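Structure file start_5.txt; described as compact mmCIF, C-alpha atoms.
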# COMPACT_ATOMS: atom_id res chain seq x y z
CA LEU R 1149 -64.23 -73.53 1.90
CA VAL R 1150 -67.53 -72.65 0.21
CA VAL R 1151 -70.67 -73.15 2.32
CA ASP R 1152 -74.34 -72.61 1.61
CA SER R 1153 -76.78 -71.11 4.12
CA ASP R 1154 -77.61 -74.49 5.69
CA ALA R 1155 -73.95 -75.36 6.20
CA SER R 1156 -73.23 -71.90 7.59
CA ALA R 1157 -75.95 -72.40 10.23
CA VAL R 1158 -74.40 -75.76 11.19
CA LEU R 1159 -70.94 -74.22 11.64
CA ASP R 1160 -72.25 -71.18 13.53
CA ALA R 1161 -74.03 -73.46 16.00
CA LEU R 1162 -70.86 -75.47 16.61
CA TRP R 1163 -68.32 -72.69 17.10
CA VAL R 1164 -68.36 -69.16 18.47
CA ASP R 1165 -65.43 -68.06 16.29
CA VAL R 1166 -65.89 -70.09 13.12
CA GLY R 1167 -62.98 -68.41 11.33
CA ARG R 1168 -60.51 -69.25 14.09
CA GLU R 1169 -61.60 -72.88 14.23
CA LEU R 1170 -61.38 -73.28 10.47
CA ARG R 1171 -57.91 -71.73 10.39
CA SER R 1172 -56.78 -74.26 12.99
CA LEU R 1173 -57.85 -76.93 10.48
CA GLY R 1174 -55.84 -75.31 7.69
CA ILE R 1175 -58.77 -73.52 6.02
CA THR R 1176 -57.74 -69.91 5.48
CA LEU R 1177 -60.78 -68.59 3.60
CA ARG R 1178 -64.49 -69.25 3.99
CA MET R 1179 -67.04 -67.80 1.63
CA SER R 1180 -70.77 -68.19 1.34
CA TRP R 1181 -72.37 -69.70 -1.73
CA ASP R 1182 -73.62 -66.24 -2.75
CA GLN R 1183 -70.11 -64.80 -2.49
CA TYR R 1184 -68.77 -67.72 -4.49
CA GLU R 1185 -71.25 -67.11 -7.30
CA GLU R 1186 -70.56 -63.36 -7.34
CA ILE R 1187 -66.78 -63.66 -7.29
CA LEU R 1188 -66.18 -66.65 -9.49
CA THR R 1189 -68.65 -65.58 -12.16
CA GLY R 1190 -66.80 -62.26 -12.34
CA ASP R 1191 -69.79 -60.21 -11.16
CA LEU R 1192 -67.73 -58.26 -8.61
CA ALA R 1193 -70.02 -55.23 -8.77
CA LYS R 1194 -72.65 -57.08 -6.72
CA GLN R 1195 -70.33 -57.51 -3.75
CA LYS R 1196 -71.03 -55.35 -0.76
CA PRO R 1197 -67.94 -53.33 0.28
CA ARG R 1198 -67.94 -54.69 3.85
CA ARG R 1199 -67.65 -58.29 2.67
CA ARG R 1200 -65.54 -57.77 -0.47
CA LEU R 1201 -63.08 -60.66 -0.79
CA VAL R 1202 -61.69 -59.99 -4.27
CA SER R 1203 -61.41 -56.53 -5.79
CA ASP R 1204 -60.08 -57.47 -9.22
CA ALA R 1205 -61.08 -60.44 -11.39
CA SER R 1206 -57.41 -60.92 -12.38
CA LEU R 1207 -56.67 -61.98 -8.80
CA LEU R 1208 -58.73 -65.10 -9.34
CA THR R 1209 -55.73 -66.67 -11.05
CA ASN R 1210 -54.12 -66.92 -7.59
CA PHE R 1211 -56.62 -69.66 -6.74
CA ARG R 1212 -55.42 -72.08 -9.42
CA SER R 1213 -53.01 -73.87 -7.11
CA VAL R 1214 -55.38 -73.83 -4.12
CA PRO R 1215 -57.75 -76.70 -3.24
CA VAL R 1216 -61.39 -75.81 -2.63
CA GLY R 1217 -63.95 -77.65 -0.53
CA PHE R 1218 -67.72 -77.39 -0.80
CA LEU R 1219 -69.93 -78.04 2.24
CA LEU R 1220 -73.53 -77.80 1.14
CA ALA R 1221 -76.90 -79.45 0.73
CA PRO R 1222 -77.16 -81.83 -2.24
CA ASN R 1223 -79.36 -80.28 -4.89
CA ALA R 1224 -79.40 -79.85 -8.65
CA ASP R 1225 -78.30 -76.19 -8.69
CA HIS R 1226 -75.22 -76.85 -6.55
CA LEU R 1227 -74.16 -79.83 -8.67
CA SER R 1228 -74.53 -77.88 -11.92
CA ALA R 1229 -72.35 -75.07 -10.57
CA ILE R 1230 -69.67 -77.52 -9.40
CA ALA R 1231 -69.63 -79.17 -12.83
CA ARG R 1232 -69.05 -75.76 -14.43
CA GLU R 1233 -66.28 -75.11 -11.90
CA CYS R 1234 -64.46 -78.26 -13.03
CA LYS R 1235 -64.40 -76.90 -16.57
CA ALA R 1236 -63.34 -73.39 -15.50
CA ALA R 1237 -60.22 -74.84 -13.76
CA ARG R 1238 -59.97 -71.99 -11.26
CA PHE R 1239 -58.76 -74.21 -8.39
CA GLY R 1240 -56.23 -76.95 -7.88
CA THR R 1241 -58.63 -79.66 -6.70
CA ILE R 1242 -62.25 -79.91 -5.60
CA SER R 1243 -63.68 -81.89 -2.67
CA ILE R 1244 -67.38 -82.05 -1.87
CA ALA R 1245 -69.07 -82.81 1.44
CA PHE R 1246 -72.84 -83.04 1.39
CA LEU R 1247 -74.69 -82.12 4.57
CA SER R 1248 -76.96 -85.12 4.15
CA GLY R 1249 -76.76 -88.28 2.09
CA ALA R 1250 -76.88 -87.50 -1.63
CA GLN R 1251 -79.41 -89.58 -3.52
CA PRO R 1252 -78.01 -91.80 -6.31
CA SER R 1253 -80.07 -89.84 -8.84
CA LEU R 1254 -78.22 -86.64 -7.88
CA LEU R 1255 -74.83 -88.34 -8.22
CA ARG R 1256 -75.84 -89.59 -11.66
CA GLN R 1257 -76.87 -86.04 -12.52
CA LEU R 1258 -73.45 -84.78 -11.40
CA ALA R 1259 -71.75 -87.36 -13.64
CA GLN R 1260 -73.91 -86.30 -16.60
CA GLU R 1261 -73.28 -82.61 -15.90
CA LEU R 1262 -69.53 -83.26 -15.78
CA ILE R 1263 -69.62 -85.10 -19.10
CA LEU R 1264 -71.54 -82.29 -20.79
CA ALA R 1265 -69.53 -79.47 -19.20
CA THR R 1266 -66.13 -80.98 -20.01
CA GLU R 1267 -66.87 -82.33 -23.48
CA GLY R 1268 -64.01 -81.47 -25.81
CA VAL R 1269 -61.75 -80.23 -23.00
CA SER R 1270 -58.46 -82.01 -22.28
CA ARG R 1271 -58.07 -83.60 -18.84
CA GLN R 1272 -55.05 -81.39 -18.10
CA ARG R 1273 -57.27 -78.32 -18.26
CA LEU R 1274 -59.89 -79.58 -15.82
CA THR R 1275 -60.07 -79.28 -12.04
CA PRO R 1276 -60.28 -82.82 -10.65
CA ILE R 1277 -62.83 -83.80 -8.01
CA THR R 1278 -60.77 -85.72 -5.46
CA LYS R 1279 -63.44 -86.64 -2.90
CA ILE R 1280 -67.21 -86.76 -2.46
CA THR R 1281 -68.50 -87.56 1.03
CA ASP R 1282 -71.80 -87.57 2.89
CA ALA R 1283 -71.13 -85.67 6.11
CA TYR R 1284 -74.55 -86.36 7.69
CA THR R 1285 -74.51 -83.05 9.53
CA ALA R 1286 -77.88 -81.64 8.42
CA PHE R 1287 -78.81 -80.37 11.89
CA CYS R 1288 -77.72 -77.61 14.26
CA ALA R 1289 -76.27 -78.77 17.59
CA LEU R 1290 -77.36 -75.91 19.81
CA GLU R 1291 -76.33 -77.62 23.06
CA GLU R 1292 -74.97 -80.97 24.17
CA ASP R 1293 -78.50 -82.35 24.56
CA CYS R 1294 -80.46 -80.15 22.16
CA PHE R 1295 -80.54 -79.88 18.37
CA SER R 1296 -82.58 -78.11 15.72
CA LEU R 1297 -83.43 -79.09 12.16
CA ALA R 1298 -83.45 -75.38 11.24
CA SER R 1299 -86.81 -75.48 9.48
CA PRO R 1300 -88.66 -72.28 10.40
CA GLY R 1301 -92.25 -72.16 9.24
CA ALA R 1302 -92.57 -75.95 9.18
CA PHE R 1303 -95.86 -75.94 11.09
CA LYS R 1304 -97.47 -73.62 8.55
CA VAL R 1305 -96.27 -75.67 5.58
CA PHE R 1306 -97.56 -78.93 7.06
CA PHE R 1307 -100.97 -77.66 8.18
CA ASP R 1308 -101.82 -74.80 5.80
CA HIS R 1309 -104.39 -76.00 3.26
CA THR R 1310 -102.79 -73.74 0.62
CA SER R 1311 -99.45 -75.62 0.82
CA SER R 1312 -98.77 -77.58 -2.33
CA GLU R 1313 -97.94 -81.29 -2.25
CA SER R 1314 -94.43 -80.57 -3.52
CA MET R 1315 -93.80 -78.12 -0.65
CA VAL R 1316 -94.96 -80.66 1.92
CA ASN R 1317 -92.86 -83.43 0.37
CA LEU R 1318 -89.80 -81.20 0.23
CA LEU R 1319 -90.12 -80.29 3.91
CA THR R 1320 -90.78 -83.92 4.87
CA ASP R 1321 -87.59 -84.99 3.10
CA ARG R 1322 -85.65 -82.22 4.86
CA VAL R 1323 -86.88 -83.40 8.27
CA VAL R 1324 -86.11 -87.02 7.43
CA LEU R 1325 -82.57 -86.24 6.27
CA GLY R 1326 -82.01 -84.11 9.37
CA LEU R 1327 -83.11 -86.94 11.68
CA MET R 1328 -81.01 -89.38 9.66
CA SER R 1329 -78.00 -87.12 10.27
CA VAL R 1330 -78.70 -87.02 14.01
CA PHE R 1331 -78.80 -90.80 14.34
CA ALA R 1332 -75.80 -91.25 12.06
CA THR R 1333 -73.87 -88.93 14.37
CA LEU R 1334 -75.08 -90.82 17.45
CA ARG R 1335 -74.41 -94.17 15.74
CA ALA R 1336 -77.86 -95.31 16.74
CA LEU R 1337 -80.67 -97.12 14.94
CA PRO R 1338 -83.90 -95.97 16.62
CA ILE R 1339 -87.06 -97.93 17.29
CA ILE R 1340 -89.72 -95.59 15.94
CA TYR R 1341 -93.17 -94.96 17.41
CA THR R 1342 -95.41 -92.39 15.79
CA GLN R 1343 -98.82 -90.78 15.94
CA GLN R 1344 -101.18 -92.23 13.36
CA GLY R 1345 -101.92 -90.04 10.36
CA GLY R 1346 -100.51 -86.63 9.49
CA PRO R 1347 -96.95 -85.41 8.91
CA ALA R 1348 -95.47 -87.37 11.83
CA GLU R 1349 -96.43 -90.70 10.27
CA ASN R 1350 -95.10 -89.63 6.86
CA VAL R 1351 -91.77 -88.66 8.43
CA ALA R 1352 -91.65 -91.92 10.39
CA MET R 1353 -92.28 -94.09 7.33
CA LYS R 1354 -89.66 -92.35 5.21
CA LEU R 1355 -87.11 -92.34 8.02
CA HIS R 1356 -87.72 -96.05 8.69
CA ALA R 1357 -87.20 -96.88 5.01
CA LEU R 1358 -84.00 -94.81 4.85
CA LEU R 1359 -82.53 -96.35 8.00
CA ARG R 1360 -83.54 -99.88 6.95
CA ASP R 1361 -82.00 -99.54 3.50
CA SER R 1362 -78.77 -98.14 4.91
CA ALA R 1363 -78.47 -100.86 7.57
CA MET R 1364 -79.33 -103.71 5.20
CA SER R 1365 -77.02 -102.55 2.42
CA GLY R 1366 -74.06 -101.99 4.74
CA GLU R 1367 -73.43 -98.63 3.05
CA GLY R 1368 -73.61 -95.06 4.27
CA PRO R 1369 -73.30 -94.12 7.94
CA PHE R 1370 -74.02 -97.70 9.10
CA ALA R 1371 -71.52 -99.38 6.80
CA SER R 1372 -69.21 -100.62 9.57
CA SER R 1373 -71.92 -102.89 10.99
CA GLY R 1374 -71.75 -105.16 7.95
CA ARG R 1375 -74.59 -106.12 5.65
CA GLY R 1376 -77.80 -106.58 7.61
CA SER R 1377 -76.09 -106.45 11.01
CA LEU R 1378 -77.28 -104.26 13.88
CA LEU R 1379 -74.38 -105.12 16.18
CA GLY R 1380 -72.50 -102.15 17.59
CA PHE R 1381 -75.42 -99.73 17.34
CA ARG R 1382 -77.59 -98.45 20.16
CA ARG R 1383 -81.36 -98.84 19.80
CA PRO R 1384 -83.04 -95.78 21.40
CA VAL R 1385 -86.76 -95.13 21.10
CA LEU R 1386 -87.81 -92.26 18.85
CA ILE R 1387 -91.37 -91.00 19.42
CA LEU R 1388 -92.78 -88.68 16.75
CA PHE R 1389 -95.85 -86.51 17.26
CA ASP R 1390 -97.47 -83.83 15.17
CA ARG R 1391 -97.31 -80.40 16.77
CA THR R 1392 -101.12 -80.41 16.91
CA PHE R 1393 -100.93 -83.24 19.49
CA ASP R 1394 -100.09 -80.55 22.08
CA ILE R 1395 -100.32 -77.10 20.58
CA GLY R 1396 -100.14 -75.25 23.90
CA PRO R 1397 -96.30 -74.96 24.10
CA MET R 1398 -96.31 -72.97 20.83
CA LEU R 1399 -98.35 -70.28 22.58
CA HIS R 1400 -96.54 -70.47 25.91
CA LEU R 1401 -93.71 -68.06 26.69
CA ASP R 1402 -91.23 -69.58 29.09
CA TRP R 1403 -90.03 -67.11 31.76
CA SER R 1404 -86.41 -68.25 31.52
CA TYR R 1405 -83.42 -66.10 30.63
CA ALA R 1406 -82.74 -67.91 27.33
CA SER R 1407 -86.38 -67.81 26.23
CA LEU R 1408 -86.69 -64.09 26.89
CA LEU R 1409 -83.52 -63.36 24.91
CA GLU R 1410 -84.86 -65.41 22.01
CA SER R 1411 -88.27 -63.70 22.09
CA ILE R 1412 -87.08 -60.12 22.63
CA LEU R 1413 -83.71 -59.97 20.85
CA GLY R 1414 -84.15 -62.77 18.35
CA MET R 1415 -81.32 -64.98 19.56
CA SER R 1416 -80.12 -67.37 16.85
CA ASN R 1417 -77.36 -69.96 17.20
CA GLY R 1418 -76.19 -68.33 20.42
CA ARG R 1419 -75.91 -64.88 18.83
CA ILE R 1420 -77.97 -61.78 19.54
CA ALA R 1421 -78.06 -58.27 18.09
CA ASN R 1422 -79.08 -55.30 20.24
CA LEU R 1423 -80.07 -52.02 18.58
CA SER R 1424 -78.75 -49.03 20.55
CA SER R 1425 -78.23 -45.32 19.92
CA SER R 1426 -74.68 -46.03 18.73
CA GLY R 1427 -75.81 -48.69 16.28
CA VAL R 1428 -76.21 -52.44 16.34
CA LYS R 1429 -74.15 -54.27 18.95
CA ARG R 1430 -73.68 -57.99 18.47
CA TYR R 1431 -73.01 -60.45 21.26
CA VAL R 1432 -72.08 -64.12 21.32
CA LEU R 1433 -73.29 -66.27 24.20
CA GLU R 1434 -70.52 -68.81 24.67
CA ARG R 1435 -70.95 -72.18 26.36
CA SER R 1436 -67.75 -71.41 28.29
CA ASP R 1437 -69.43 -68.36 29.89
CA ARG R 1438 -70.13 -69.50 33.45
CA PHE R 1439 -72.91 -66.99 34.12
CA TRP R 1440 -74.73 -67.84 30.90
CA ARG R 1441 -74.33 -71.57 31.46
CA ASP R 1442 -75.61 -71.39 35.05
CA ASN R 1443 -78.53 -69.02 34.41
CA MET R 1444 -79.82 -69.67 30.90
CA TRP R 1445 -82.78 -71.75 32.13
CA ASN R 1446 -83.38 -69.87 35.38
CA PRO R 1447 -86.50 -67.68 35.83
CA PHE R 1448 -85.66 -64.08 34.99
CA PRO R 1449 -86.25 -62.72 38.54
CA ARG R 1450 -83.64 -65.14 39.84
CA VAL R 1451 -81.29 -64.09 37.02
CA ALA R 1452 -81.69 -60.45 38.11
CA GLU R 1453 -80.73 -61.43 41.67
CA ASN R 1454 -77.69 -63.32 40.40
CA ILE R 1455 -76.62 -60.29 38.37
CA GLU R 1456 -76.71 -58.15 41.50
CA GLN R 1457 -74.63 -60.75 43.35
CA GLU R 1458 -72.07 -60.85 40.54
CA LEU R 1459 -71.83 -57.03 40.50
CA ALA R 1460 -71.40 -56.92 44.25
CA SER R 1461 -68.68 -59.55 44.09
CA TYR R 1462 -66.94 -57.60 41.32
CA ARG R 1463 -67.02 -54.33 43.32
CA ASN R 1464 -65.55 -56.05 46.39
CA GLU R 1465 -62.58 -57.44 44.48
Rewritten as C-alpha cells:
Amino acid sequence: LVVDSDASAVLDALWVDVGRELRSLGITLRMSWDQYEEILTGDLAKQKPRRRLVSDASLLTNFRSVPVGFLLAPNADHLSAIARECKAARFGTISIAFLSGAQPSLLRQLAQELILATEGVSRQRLTPITKITDAYTAFCALEEDCFSLASPGAFKVFFDHTSSESMVNLLTDRVVLGLMSVFATLRALPIIYTQQGGPAENVAMKLHALLRDSAMSGEGPFASSGRGSLLGFRRPVLILFDRTFDIGPMLHLDWSYASLLESILGMSNGRIANLSSSGVKRYVLERSDRFWRDNMWNPFPRVAENIEQELASYRNE
C-alpha cells in the first residue's frame, strides 16, 4: 500500500498501530509516497537507513507478482507517476483509491497519460489498473464526535492580503472536499446556513453545488438514493462561519489535560513526543486507555488529583 501524507494522517488518526491493522487486512507492506518514489525510481541512496525498505534495486523484481494499492489525494503529479508505473510493470496489478472524489478532468488526464506512457508497448508487458474508487475519506477522525480537515495555516491563507487567488481557491477546494467526505461517510445531505461574504460563503456555495450535483446525478457517494431522490439520507443542519466571527477561541488556552498536551508537547493524531536526557520518547494516547478517556477534558488540577488516586490505588494492590 502506497500512501501520501494526507492518507497517512487519515490512517494514523484511525488506528494506534496502523501496521497491525493493515496486516489484518492482508496488507503486508506500507510505504509513503516519498519512499515509493525513492525506491521505485532506483534512487536508493536517498533512503535513510532507519526506514530502508529495499537495499538492492535487483530486489524490485520480487514485486512483479504482488498487487499494489494507492491511497492518495487526486492530483496531476500522482496520476502521472501511476501512468509511468503501468508502463514499468513492476507490480502484478494496480488499484487506486482517491481520498476525495476525483474530478472528471483528472480522470481524463489519467487516460491520456496512460495512452502516452504505454504507446508502442504490448498489453502483456503492462501492469493493469483493476480498480479506481473514490474513498471519500479526506478528513481525520480524531474522536467519535470530532474530526479535522488537517489544514494548518488555513486562517492565514484566507485572511492574509498577500495570499494569491490560486492559494485561496486551492484551500477552499480542500475544505469543500473534506466536508463532502464527512457527509458522504455520515450518509447525510446537510441543509447549509452560512455567514454572508468571506471564505465561509465561498465554501458553502461550492459544497452546495457539489452535493446537489451528486444527489441529482445519482452518482458518487449518494448513488444508492436514485437520480434526484433524497430518500434514505438524513438532513442535518450545517452552519458555516468565518473564524473572524468569533476570534477569541483562537487566543484562548483551555486548561484541560488534552489542550495542555497539545500546546506543550505538540500532540498530533493522538501521538506525542517528549524530549528527555535519554532521547526522544514517543507515546500513543489510545482511546482504550481508561485514564486518558476519563480525564482528557478535565481541568489539569483535577487530573493531578486523579493521578494521585491512581498511584495510591496501585500501591495498595
- Message: Can you measure CA of Leu1337 (chain R) to CA of Asp1293 (chain R) for me? One decimal in Å is fine.
- Response: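 Taking CA of Leu1337 (chain R) as the start and CA of Asp1293 (chain R) as the end point, the length is 17.8 Å.
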- Message: Taking all atoms listed in the file into account, name the residue in R:Ser1365, R:Ser1404, R:Thr1320, R:Gln1343 that is nearest to Pro1447 (chain R).
- Response: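 Smallest separation from Pro1447 (chain R) among the options: R:Ser1404.
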- Nearest to Glu1291 (chain R) among R:Ala1421, R:Leu1433, R:Ala1161, R:Val1385, with distances taken over all atoms listed in the file: which residue is it?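 Comparing R:Ala1421, R:Leu1433, R:Ala1161, R:Val1385 against Glu1291 (chain R), the winner is R:Ala1161.
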- Note on the structure: In Å and to one decimal, CA of Tyr1284 (chain R) is distant from CA of Ser1436 (chain R) by 26.3 Å
- Neighbours of Glu1349 (chain R) within 9 Å (only C-alpha atoms; same-chain residues fewer than 6 positions away dropped), as a list of chain:residue names?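 Counting only C-alpha atoms, the residues come to R:Tyr1341, R:Thr1342, R:Gln1343, R:Leu1388, R:Phe1389, R:Asp1390.
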